[in-house]
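Chemist: Please see the structure below; I have some questions.
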Amino acid sequence: MITERDQNVFNQKETDDQFVDWKGRKANPGKHGGITAAAFACVVEMFTNMVFLANAINFITYFNKSMHYPHATSANMVTNFMGTSFLLSILGGFIGDSIFTRFTTFIVFCTIELLGLILLTIQAQNPQFRPALNEKPSQSEAAILYTGLYSMAAGVGGINASLPAHGADQLDHGNQRLISAFFNWFFFSLCLGGLISCTVMVWVEENKGWNWSFTITAIVLSLALSIFISGGPFYRHKLPGGSALPRFIKVLASAARNCKASPEERVENQYAVSAINPNRVDGKSHNKFKFLDKALIDNTISEAQIEETRTFLGLLPIFASTIMMNCCLAQLQTYSVVQGVLMNRKLHNFKIPTQSLSVLPLSIMLASIPLYEKFRRILSSKKSEKIHIFQPLWRIGLGLALASGSMAVAALVEAKRRKAALDNATLSVFWLAWQFLLLGVSDMLTLGGMLEFFYSEAPDSMRSMCTALSWCSTSMGYFLSSVLLSIVNSASGRFGREWLGGNDINHSRLDLFYTLLSILNTLNFLNYVYWAKQY
């Protein structure tokens, strides 16, 4: 009789056999994979995120000053670029799971981003490809701009989906502590790239010009691609298993078609039962979405396909519960910056540039990760059992709770800033540190927990696509922020004055908007707790 332990060993061996080296041979655990191979992903992430954010910061000035788009249009173009970049990570994840290896997927999408960046660099360096002074871009000039811009967006989406999954593939999936540490340091690399973009690259843009920024980021992205490829002999690669989406559709269609069937009609399936994710040994997924079992009446559907569908559907409520937190996070790059511009930004004789206001939350995120790892090691050494607070679902929940607190604090600080402004006084920009502190730690816990959770819990055939849900949540959070803003202005305008109407936030009610976000995120947190318990 095969015991559960024997089955787990078999499943782990079966998973290891799915990895190959760069020549297509079976991967050797002594030569391929491991911490060194995973470290390549962290280094490359630092460079790629620096390129992405440096250009996102640079774009609004470039669109307005060089391409002669109005301020509002330029801002919308940047917002749409960032939202599309994160949303397209779903496409990158699909390709990385079903068509190419994640290694190949990264190379393809990084090359696409590089080509788009080179096209924008050529346009920026050559006046004949840009509109004349005080003229709008022609159709051909706009075509060059949008081709380069959205090639970059597609490239960023593919990189975000494939790189973290590729890095985690290098590690032992039986060591969840190691997987968790990888995603923490991957997030650290992401923040470090952001810090470089809003310090070094902001200095370059202000002192050397935006055209230097395009050139430098093109060189850095080429370097990142070269570093990633150079690690090829050290990597192990997960072979793509084909698209899981047709299987999902087939299972759901069969379950719907047989929804009225009686239990006696269930027939013995011709396929052997196999575990889709060998890391999931608790069997909890069998208690969810039991209506999918009706699909077994169809002899062409295996229990493995049903478990794959059941697992993916179980991730969606957790994913949906994180969107509201990312709506709060969007305020860091919008209204928090607007607040900072109107506050005292002097630090002795140095005045903090507006584009560098993100340094504070990024610094807090960077500091929180080593502290979190240190705290985890100390507690783990004192307790042999698993500590709940370090489990992904607990991390995400704590992050969502802190997001509610950060918006409450932001509302209080804004009320104080607004009162001071109306009294002709100016608060220090460091009053924003409290909301930055809470929201920075919240982002570290939530995004790090999401990356780990979606990767670890995903079906083996969908790790890239499920990891991409983390970035898709960020994208939807940005879009939700815009929708909420429109709804709030429309509703408040009917009762007098729009909360956030006009260009002067000193006469707006940003504090009430922050209060609303805190309330909505608290309700969302309660919704998350329900689904997390169900999971």
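How things are named: the first chain in the structure tokens is A, the next is B, and so on; residues count from 1 in each chain; ligands count from 1 in the order shown.
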Need the shell around Leu516 of chain A: protein/DNA/RNA residues with any atom at most 10 Å away, counting only C-alpha atoms. Skip same-chain ones fewer than 5 positions apart. Format as a ChimeraX atom specification?
Modeler: /A:404,407-408,411,484,488,510-511,521-522
Chemist: Which residues come within 9 Å of Leu171 of chain A, counting only C-alpha atoms, excluding same-chain residues fewer than 2 positions away, as a list in words?
Modeler: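 These residues fall inside the cut-off: Gly33, Gly34, Ile35, Ala37, Ala38, Gly167, Ala168, Asp169, His173, Gly174, Asn175, Leu178, Ile179 and Phe182 of chain A.
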Chemist: Using Å and a single decimal, report how far atom CA of Phe94 of chain A sits from atom CA of Arg463 of chain A.
Modeler: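 Those two atoms sit 9.3 Å apart.
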Chemist: Between segment 78-114 of chain A and segment 129-151 of chain A, at 10 Å or less, what are the per-residue closest atom pairs and their distances in Å? Count only C-alpha atoms, order by chain and rising residue number, and return it as JSON lines.
Modeler:
{"residue": "A:Val78", "atom": "CA", "partner": "A:Leu149", "partner_atom": "CA", "distance": 9.6}
{"residue": "A:Asn80", "atom": "CA", "partner": "A:Tyr150", "partner_atom": "CA", "distance": 9.8}
{"residue": "A:Phe81", "atom": "CA", "partner": "A:Tyr150", "partner_atom": "CA", "distance": 7.1}
{"residue": "A:Met82", "atom": "CA", "partner": "A:Tyr150", "partner_atom": "CA", "distance": 9.9}
{"residue": "A:Thr84", "atom": "CA", "partner": "A:Tyr150", "partner_atom": "CA", "distance": 8.2}
{"residue": "A:Ser85", "atom": "CA", "partner": "A:Tyr150", "partner_atom": "CA", "distance": 8.1}
{"residue": "A:Phe109", "atom": "CA", "partner": "A:Ser151", "partner_atom": "CA", "distance": 9.0}
{"residue": "A:Cys110", "atom": "CA", "partner": "A:Ser151", "partner_atom": "CA", "distance": 9.9}
{"residue": "A:Thr111", "atom": "CA", "partner": "A:Ser151", "partner_atom": "CA", "distance": 9.6}
{"residue": "A:Ile112", "atom": "CA", "partner": "A:Ser151", "partner_atom": "CA", "distance": 6.0}
{"residue": "A:Glu113", "atom": "CA", "partner": "A:Ser151", "partner_atom": "CA", "distance": 5.6}
{"residue": "A:Leu114", "atom": "CA", "partner": "A:Ser151", "partner_atom": "CA", "distance": 8.4}
Chemist: Show which residues sit within 8 Å of Leu252 of chain A, as an NGL selection string. Count only C-alpha atoms, and ignore same-chain residues fewer than 4 positions away.
Modeler: :A and (248 or 256 or 292 or 295)
Chemist: Can I get the selected residues back with C-alpha atoms, as a compact mmCIF listing (two decimals), in the first residue's frame?
Modeler:
# COMPACT_ATOMS: atom_id res chain seq x y z
CA PHE A 248 -10.40 25.04 -17.11
CA ALA A 256 -22.31 23.18 -15.60
CA LEU A 292 -16.65 20.76 -9.96
CA ALA A 295 -17.36 17.14 -14.23
Chemist: Skipping near chain neighbours, those fewer than 2 positions away, what residues fall within 8 Å of Leu87 of chain A using only C-alpha atoms, listed as a short mmCIF file (atom, residue, chain, number, x, y, z; two decimals) with N, CA and C atoms, in the first residue's frame?
Modeler:
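The result, written out as out05.cif:
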data_model
loop_
_atom_site.label_atom_id
_atom_site.label_comp_id
_atom_site.auth_asym_id
_atom_site.auth_seq_id
_atom_site.Cartn_x
_atom_site.Cartn_y
_atom_site.Cartn_z
N GLY A 83 -0.36 51.25 -15.91
CA GLY A 83 -1.44 50.29 -15.72
C GLY A 83 -1.39 49.16 -16.73
N THR A 84 -1.11 49.50 -17.99
CA THR A 84 -1.01 48.49 -19.04
C THR A 84 0.19 47.56 -18.80
N SER A 85 1.29 48.13 -18.34
CA SER A 85 2.48 47.32 -18.06
C SER A 85 2.18 46.22 -17.07
N SER A 89 1.16 41.63 -17.59
CA SER A 89 1.90 40.53 -16.95
C SER A 89 1.11 39.23 -17.04
N ILE A 90 -0.23 39.32 -17.15
CA ILE A 90 -1.05 38.11 -17.33
C ILE A 90 -0.69 37.43 -18.65
N GLY A 157 5.55 43.84 -18.76
CA GLY A 157 4.59 42.83 -18.34
C GLY A 157 5.16 41.43 -18.37
N TRP A 471 0.90 41.47 -9.85
CA TRP A 471 1.06 42.71 -10.62
C TRP A 471 -0.27 43.16 -11.20
N CYS A 472 -1.12 42.20 -11.55
CA CYS A 472 -2.44 42.54 -12.07
C CYS A 472 -3.26 43.26 -10.99
N SER A 475 -2.22 46.85 -11.01
CA SER A 475 -2.83 47.55 -12.13
C SER A 475 -4.28 47.91 -11.83
N MET A 476 -5.04 46.94 -11.33
CA MET A 476 -6.45 47.18 -11.05
C MET A 476 -6.63 48.17 -9.91
#
Chemist: Between A:Thr199, A:Gln339, A:Leu422, A:Ser321, which is the closest to Ser356 of chain A once you count only C-alpha atoms?
Modeler: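 Checking each of A:Thr199, A:Gln339, A:Leu422, A:Ser321 against Ser356 of chain A, counting only C-alpha atoms, the winner is A:Thr199.
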Chemist: When distances are computed from only C-alpha atoms, which of A:Asp97, A:Tyr235, A:Phe228, A:Thr79 shows the smallest separation from Phe19 of chain A?
Modeler: A:Tyr235
